file start_23.txt (compact mmCIF, N, CA and C atoms)
# COMPACT_ATOMS: atom_id res chain seq x y z
N MET A 20 88.67 94.61 85.82
CA MET A 20 88.38 93.34 85.19
C MET A 20 89.71 92.62 84.98
N CYS A 21 89.77 91.40 85.34
CA CYS A 21 91.04 90.69 85.23
C CYS A 21 91.28 90.21 83.80
N VAL A 22 92.54 89.98 83.48
CA VAL A 22 92.95 89.57 82.14
C VAL A 22 92.33 88.24 81.77
N LYS A 23 92.24 87.32 82.71
CA LYS A 23 91.67 85.99 82.41
C LYS A 23 90.25 86.08 81.90
N ARG A 24 89.47 87.01 82.46
CA ARG A 24 88.08 87.16 82.01
C ARG A 24 88.00 87.71 80.61
N LEU A 25 89.01 88.44 80.16
CA LEU A 25 89.01 89.01 78.82
C LEU A 25 89.60 88.06 77.78
N ALA A 26 90.32 87.04 78.25
CA ALA A 26 90.93 86.09 77.32
C ALA A 26 89.84 85.42 76.48
N GLY A 27 90.11 85.33 75.19
CA GLY A 27 89.16 84.71 74.28
C GLY A 27 88.05 85.63 73.84
N THR A 28 88.09 86.89 74.21
CA THR A 28 87.08 87.84 73.79
C THR A 28 87.60 88.66 72.62
N GLU A 29 86.78 89.53 72.12
CA GLU A 29 87.17 90.40 71.01
C GLU A 29 88.28 91.36 71.41
N TYR A 30 88.53 91.53 72.71
CA TYR A 30 89.54 92.46 73.20
C TYR A 30 90.91 91.82 73.39
N GLU A 31 91.00 90.54 73.23
CA GLU A 31 92.26 89.85 73.49
C GLU A 31 93.40 90.40 72.65
N GLY A 32 93.12 90.86 71.46
CA GLY A 32 94.15 91.43 70.60
C GLY A 32 94.74 92.73 71.13
N GLU A 33 94.06 93.36 72.06
CA GLU A 33 94.51 94.62 72.64
C GLU A 33 95.54 94.42 73.75
N PHE A 34 95.68 93.21 74.25
CA PHE A 34 96.58 92.96 75.37
C PHE A 34 98.01 93.41 75.08
N LYS A 35 98.47 93.22 73.87
CA LYS A 35 99.86 93.56 73.54
C LYS A 35 100.14 95.03 73.80
N ALA A 36 99.20 95.90 73.45
CA ALA A 36 99.40 97.34 73.63
C ALA A 36 99.55 97.70 75.11
N TYR A 37 98.92 96.93 75.97
CA TYR A 37 98.97 97.19 77.40
C TYR A 37 99.94 96.28 78.14
N GLY A 38 100.85 95.68 77.40
CA GLY A 38 101.77 94.69 77.94
C GLY A 38 102.59 95.18 79.12
N ARG A 39 103.09 96.40 79.05
CA ARG A 39 103.94 96.89 80.15
C ARG A 39 103.12 97.13 81.42
N ILE A 40 101.85 97.42 81.27
CA ILE A 40 100.98 97.60 82.44
C ILE A 40 100.58 96.23 82.99
N ILE A 41 100.13 95.36 82.12
CA ILE A 41 99.66 94.04 82.53
C ILE A 41 100.78 93.24 83.19
N SER A 42 101.99 93.35 82.66
CA SER A 42 103.12 92.59 83.20
C SER A 42 103.64 93.14 84.52
N ARG A 43 103.17 94.31 84.89
CA ARG A 43 103.58 94.99 86.13
C ARG A 43 105.04 95.43 86.12
N GLU A 44 105.63 95.54 84.94
CA GLU A 44 107.02 96.01 84.85
C GLU A 44 107.12 97.53 84.86
N LEU A 45 106.02 98.20 84.64
CA LEU A 45 106.00 99.65 84.48
C LEU A 45 106.70 100.42 85.60
N PRO A 46 106.42 100.14 86.88
CA PRO A 46 107.08 100.95 87.93
C PRO A 46 108.60 100.82 87.95
N ASP A 47 109.13 99.75 87.40
CA ASP A 47 110.57 99.53 87.43
C ASP A 47 111.31 100.15 86.24
N LEU A 48 110.57 100.72 85.29
CA LEU A 48 111.20 101.33 84.12
C LEU A 48 111.87 102.65 84.49
N GLN A 49 112.84 103.04 83.71
CA GLN A 49 113.53 104.32 83.88
C GLN A 49 112.74 105.42 83.17
N LYS A 50 112.95 106.66 83.57
CA LYS A 50 112.25 107.79 82.96
C LYS A 50 112.44 107.81 81.45
N LYS A 51 113.62 107.47 80.97
CA LYS A 51 113.89 107.50 79.54
C LYS A 51 113.04 106.49 78.76
N ASP A 52 112.48 105.51 79.45
CA ASP A 52 111.66 104.48 78.82
C ASP A 52 110.17 104.83 78.82
N ILE A 53 109.82 105.99 79.36
CA ILE A 53 108.42 106.42 79.45
C ILE A 53 108.14 107.41 78.32
N PHE A 54 107.07 107.16 77.59
CA PHE A 54 106.70 108.00 76.46
C PHE A 54 105.53 108.90 76.85
N SER A 55 105.60 110.15 76.44
CA SER A 55 104.51 111.10 76.74
C SER A 55 104.09 111.81 75.46
N ASP A 56 103.91 111.02 74.42
CA ASP A 56 103.67 111.56 73.09
C ASP A 56 102.20 111.76 72.73
N GLY A 57 101.29 111.48 73.64
CA GLY A 57 99.88 111.69 73.35
C GLY A 57 99.12 110.44 72.95
N TYR A 58 99.82 109.37 72.60
CA TYR A 58 99.14 108.10 72.32
C TYR A 58 98.50 107.64 73.62
N VAL A 59 97.24 107.27 73.58
CA VAL A 59 96.47 107.02 74.80
C VAL A 59 97.11 105.98 75.71
N VAL A 60 97.66 104.91 75.17
CA VAL A 60 98.31 103.90 76.02
C VAL A 60 99.57 104.47 76.66
N HIS A 61 100.33 105.25 75.90
CA HIS A 61 101.53 105.87 76.46
C HIS A 61 101.16 106.86 77.57
N SER A 62 100.06 107.59 77.39
CA SER A 62 99.62 108.54 78.41
C SER A 62 99.23 107.81 79.69
N LEU A 63 98.53 106.70 79.55
CA LEU A 63 98.17 105.90 80.72
C LEU A 63 99.41 105.36 81.40
N GLU A 64 100.34 104.81 80.63
CA GLU A 64 101.59 104.30 81.19
C GLU A 64 102.35 105.40 81.92
N ALA A 65 102.46 106.56 81.30
CA ALA A 65 103.22 107.67 81.90
C ALA A 65 102.58 108.12 83.21
N ALA A 66 101.27 108.24 83.22
CA ALA A 66 100.58 108.67 84.44
C ALA A 66 100.73 107.63 85.55
N LEU A 67 100.57 106.38 85.21
CA LEU A 67 100.76 105.32 86.20
C LEU A 67 102.19 105.30 86.71
N TRP A 68 103.15 105.46 85.81
CA TRP A 68 104.57 105.47 86.21
C TRP A 68 104.84 106.60 87.19
N CYS A 69 104.35 107.80 86.88
CA CYS A 69 104.56 108.94 87.77
C CYS A 69 103.91 108.70 89.13
N PHE A 70 102.70 108.21 89.12
CA PHE A 70 101.98 107.96 90.37
C PHE A 70 102.67 106.88 91.20
N LEU A 71 103.05 105.79 90.57
CA LEU A 71 103.63 104.66 91.30
C LEU A 71 105.06 104.90 91.78
N ASN A 72 105.75 105.86 91.20
CA ASN A 72 107.14 106.10 91.55
C ASN A 72 107.35 107.31 92.47
N HIS A 73 106.28 107.88 92.97
CA HIS A 73 106.42 109.04 93.87
C HIS A 73 105.49 108.90 95.06
N ASP A 74 105.98 109.31 96.20
CA ASP A 74 105.26 109.10 97.45
C ASP A 74 104.27 110.20 97.83
N ASP A 75 104.30 111.31 97.11
CA ASP A 75 103.33 112.34 97.44
C ASP A 75 102.78 112.99 96.17
N TYR A 76 101.70 113.73 96.39
CA TYR A 76 100.96 114.34 95.29
C TYR A 76 101.85 115.24 94.43
N SER A 77 102.53 116.18 95.07
CA SER A 77 103.29 117.17 94.30
C SER A 77 104.44 116.53 93.53
N GLU A 78 105.13 115.56 94.12
CA GLU A 78 106.21 114.88 93.41
C GLU A 78 105.68 114.15 92.18
N ALA A 79 104.55 113.47 92.33
CA ALA A 79 103.96 112.74 91.21
C ALA A 79 103.56 113.68 90.08
N VAL A 80 102.87 114.76 90.42
CA VAL A 80 102.39 115.70 89.40
C VAL A 80 103.56 116.44 88.74
N LEU A 81 104.52 116.88 89.53
CA LEU A 81 105.68 117.56 88.95
C LEU A 81 106.48 116.62 88.05
N SER A 82 106.54 115.35 88.41
CA SER A 82 107.20 114.38 87.56
C SER A 82 106.49 114.26 86.21
N ALA A 83 105.16 114.27 86.25
CA ALA A 83 104.37 114.21 85.02
C ALA A 83 104.60 115.44 84.16
N VAL A 84 104.61 116.61 84.77
CA VAL A 84 104.86 117.86 84.03
C VAL A 84 106.23 117.81 83.36
N ASN A 85 107.21 117.31 84.09
CA ASN A 85 108.58 117.30 83.59
C ASN A 85 108.85 116.23 82.54
N LEU A 86 107.89 115.36 82.27
CA LEU A 86 108.06 114.42 81.16
C LEU A 86 108.03 115.15 79.82
N GLY A 87 107.34 116.29 79.81
CA GLY A 87 107.26 117.07 78.57
C GLY A 87 106.21 116.51 77.63
N GLU A 88 106.30 116.92 76.37
CA GLU A 88 105.37 116.55 75.30
C GLU A 88 103.92 116.77 75.71
N ASP A 89 103.14 115.71 75.93
CA ASP A 89 101.73 115.86 76.27
C ASP A 89 101.57 115.98 77.79
N ALA A 90 102.32 116.90 78.36
CA ALA A 90 102.41 117.06 79.82
C ALA A 90 101.08 117.42 80.46
N ASP A 91 100.23 118.18 79.77
CA ASP A 91 98.97 118.58 80.39
C ASP A 91 98.07 117.37 80.62
N THR A 92 97.98 116.48 79.64
CA THR A 92 97.15 115.29 79.77
C THR A 92 97.70 114.36 80.84
N ILE A 93 98.99 114.12 80.79
CA ILE A 93 99.61 113.19 81.74
C ILE A 93 99.56 113.76 83.15
N SER A 94 99.74 115.05 83.30
CA SER A 94 99.64 115.68 84.62
C SER A 94 98.22 115.58 85.16
N PHE A 95 97.24 115.77 84.29
CA PHE A 95 95.84 115.63 84.71
C PHE A 95 95.57 114.22 85.20
N LEU A 96 95.97 113.23 84.43
CA LEU A 96 95.74 111.83 84.82
C LEU A 96 96.47 111.49 86.11
N THR A 97 97.72 111.90 86.20
CA THR A 97 98.51 111.65 87.40
C THR A 97 97.90 112.35 88.60
N GLY A 98 97.53 113.61 88.44
CA GLY A 98 96.93 114.37 89.52
C GLY A 98 95.62 113.76 90.00
N THR A 99 94.86 113.21 89.07
CA THR A 99 93.60 112.56 89.45
C THR A 99 93.88 111.34 90.31
N MET A 100 94.81 110.49 89.88
CA MET A 100 95.15 109.29 90.67
C MET A 100 95.73 109.68 92.02
N ALA A 101 96.69 110.60 92.01
CA ALA A 101 97.34 111.01 93.25
C ALA A 101 96.34 111.70 94.18
N GLY A 102 95.44 112.48 93.62
CA GLY A 102 94.43 113.15 94.42
C GLY A 102 93.47 112.17 95.08
N MET A 103 93.10 111.13 94.35
CA MET A 103 92.22 110.12 94.93
C MET A 103 92.94 109.37 96.06
N TYR A 104 94.22 109.14 95.87
CA TYR A 104 95.00 108.39 96.86
C TYR A 104 95.35 109.25 98.08
N HIS A 105 95.88 110.44 97.85
CA HIS A 105 96.36 111.29 98.94
C HIS A 105 95.28 112.22 99.49
N ARG A 106 94.20 112.40 98.74
CA ARG A 106 93.10 113.29 99.09
C ARG A 106 93.56 114.75 99.16
N MET A 107 92.73 115.62 99.65
CA MET A 107 93.05 117.05 99.70
C MET A 107 94.29 117.34 100.53
N ASN A 108 94.54 116.53 101.54
CA ASN A 108 95.70 116.76 102.40
C ASN A 108 97.01 116.67 101.63
N GLY A 109 97.02 115.93 100.53
CA GLY A 109 98.24 115.75 99.77
C GLY A 109 98.57 116.90 98.83
N ILE A 110 97.57 117.70 98.49
CA ILE A 110 97.79 118.80 97.55
C ILE A 110 98.42 119.96 98.32
N PRO A 111 99.56 120.46 97.85
CA PRO A 111 100.22 121.56 98.57
C PRO A 111 99.27 122.76 98.73
N GLU A 112 99.25 123.31 99.93
CA GLU A 112 98.37 124.44 100.25
C GLU A 112 98.60 125.61 99.31
N GLU A 113 99.87 125.86 98.96
CA GLU A 113 100.14 126.99 98.06
C GLU A 113 99.56 126.77 96.67
N TRP A 114 99.43 125.52 96.24
CA TRP A 114 98.79 125.25 94.96
C TRP A 114 97.30 125.56 95.04
N ILE A 115 96.68 125.17 96.13
CA ILE A 115 95.25 125.43 96.31
C ILE A 115 95.00 126.93 96.41
N ASN A 116 95.84 127.62 97.17
CA ASN A 116 95.66 129.07 97.35
C ASN A 116 95.87 129.86 96.06
N ALA A 117 96.62 129.30 95.12
CA ALA A 117 96.89 129.99 93.86
C ALA A 117 95.76 129.83 92.84
N LEU A 118 94.78 129.00 93.14
CA LEU A 118 93.68 128.79 92.19
C LEU A 118 92.86 130.06 92.00
N ALA A 119 92.58 130.37 90.76
CA ALA A 119 91.67 131.47 90.45
C ALA A 119 90.25 130.99 90.74
N ARG A 120 89.46 131.83 91.38
CA ARG A 120 88.06 131.50 91.70
C ARG A 120 87.94 130.24 92.54
N LYS A 121 88.86 130.09 93.46
CA LYS A 121 88.91 128.90 94.33
C LYS A 121 87.57 128.62 95.00
N GLU A 122 86.92 129.66 95.53
CA GLU A 122 85.65 129.47 96.24
C GLU A 122 84.57 128.93 95.29
N ASP A 123 84.56 129.43 94.05
CA ASP A 123 83.60 128.93 93.07
C ASP A 123 83.85 127.45 92.75
N ILE A 124 85.12 127.07 92.66
CA ILE A 124 85.47 125.68 92.38
C ILE A 124 85.00 124.78 93.52
N PHE A 125 85.27 125.20 94.76
CA PHE A 125 84.85 124.41 95.91
C PHE A 125 83.33 124.31 95.99
N ASP A 126 82.65 125.40 95.69
CA ASP A 126 81.19 125.39 95.70
C ASP A 126 80.66 124.42 94.65
N LEU A 127 81.21 124.46 93.46
CA LEU A 127 80.78 123.56 92.39
C LEU A 127 81.03 122.10 92.78
N CYS A 128 82.17 121.84 93.38
CA CYS A 128 82.48 120.47 93.83
C CYS A 128 81.48 120.00 94.88
N GLU A 129 81.15 120.87 95.81
CA GLU A 129 80.19 120.53 96.86
C GLU A 129 78.81 120.25 96.27
N ARG A 130 78.39 121.10 95.34
CA ARG A 130 77.08 120.88 94.71
C ARG A 130 77.06 119.58 93.90
N PHE A 131 78.18 119.27 93.23
CA PHE A 131 78.26 118.01 92.48
C PHE A 131 78.20 116.82 93.44
N LEU A 132 78.90 116.92 94.55
CA LEU A 132 78.85 115.85 95.55
C LEU A 132 77.44 115.63 96.04
N GLN A 133 76.74 116.71 96.37
CA GLN A 133 75.36 116.59 96.84
C GLN A 133 74.45 115.99 95.77
N PHE A 134 74.66 116.36 94.53
CA PHE A 134 73.90 115.78 93.43
C PHE A 134 74.11 114.26 93.37
N CYS A 135 75.39 113.84 93.47
CA CYS A 135 75.71 112.41 93.42
C CYS A 135 75.11 111.66 94.60
N VAL A 136 75.20 112.24 95.78
CA VAL A 136 74.62 111.61 96.97
C VAL A 136 73.11 111.44 96.81
N LYS A 137 72.47 112.48 96.29
CA LYS A 137 71.03 112.44 96.08
C LYS A 137 70.65 111.36 95.07
N LYS A 138 71.42 111.25 93.98
CA LYS A 138 71.14 110.25 92.94
C LYS A 138 71.36 108.82 93.45
N CYS A 139 72.33 108.63 94.32
CA CYS A 139 72.65 107.30 94.81
C CYS A 139 71.82 106.92 96.04
N GLY A 140 71.25 107.91 96.69
CA GLY A 140 70.54 107.68 97.95
C GLY A 140 69.22 107.07 97.75

call {"tool": "encode", "arguments": {"input": "start_23.txt", "output": "structure tokens"}}
result
Amino acid sequence: MCVKRLAGTEYEGEFKAYGRIISRELPDLQKKDIFSDGYVVHSLEAALWCFLNHDDYSEAVLSAVNLGEDADTISFLTGTMAGMYHRMNGIPEEWINALARKEDIFDLCERFLQFCVKKCG
């Protein structure tokens, strides 16, 4: 949803909190300017920063982990964005092979996909 459509609504007061995202300055910030303290807006900023500043899945996720503090949340968000963008090919094979119960995870994903296809079909 674009900012213009939200102008004049009850949400207009929230724009300030998302200023660094809305202004598109976020990718140009330095690592020291990124906060990973668990505040939801900071987590979104950190995940976007990691994703936008790295060309592959593993670099983006490792960057999120190395921010520290709320690293698990930020890594999850970053990994989700990077995974959607790079798809399975972007995830290092050794990371996939290290998963516990990998076959069960893939089976669950496949069943969820089939459920979604059935619901949308």

call {"tool": "select_by_dssp", "arguments": {"input": "start_23.txt", "residues": "stretch 23-121 of chain A", "states": "helix (DSSP H, G or I)", "output": "ChimeraX atom specification"}}
result
/A:23-25,31-41,45-47,50-52,59-71,76-84,90-109,112-116,121

call {"tool": "closest_residue", "arguments": {"input": "start_23.txt", "among": "A:Cys128, A:Ala66, A:Ile41, A:Ala119", "to": "A:Leu96", "atoms": "only N, CA and C atoms"}}
result
A:Ala66

call {"tool": "atom_distance", "arguments": {"input": "start_23.txt", "atom1": "atom C of A:Tyr76", "atom2": "atom CA of A:Lys121"}}
result
18.8 Å

call {"tool": "atom_distance", "arguments": {"input": "start_23.txt", "atom1": "atom N of A:Tyr37", "atom2": "atom CA of A:His61"}}
result
9.3 Å

call {"tool": "closest_residue", "arguments": {"input": "start_23.txt", "among": "A:Cys69, A:Val60, A:Ala79, A:Ala117", "to": "A:Ala36", "atoms": "all atoms listed in the file"}}
result
A:Val60

call {"tool": "residues_around", "arguments": {"input": "start_23.txt", "residues": "A:Ile93", "least_positions_apart": "4", "cutoff": "6.5 Å", "atoms": "only N, CA and C atoms", "output": "JSON, numbers by chain"}}
result
{"A": [62, 65, 66, 83, 84, 89, 97, 98]}

call {"tool": "atom_distance", "arguments": {"input": "start_23.txt", "atom1": "atom CA of A:Ser77", "atom2": "atom N of A:Asn108"}}
result
11.4 Å

call {"tool": "closest_residue", "arguments": {"input": "start_23.txt", "among": "A:Ile124, A:Leu81, A:Leu118, A:Leu86", "to": "A:Ala101", "atoms": "only C-alpha atoms"}}
result
A:Leu81

call {"tool": "closest_residue", "arguments": {"input": "start_23.txt", "among": "A:Glu78, A:Glu64, A:Asp123, A:Glu129", "to": "A:Arg39", "atoms": "all atoms listed in the file"}}
result
A:Glu64
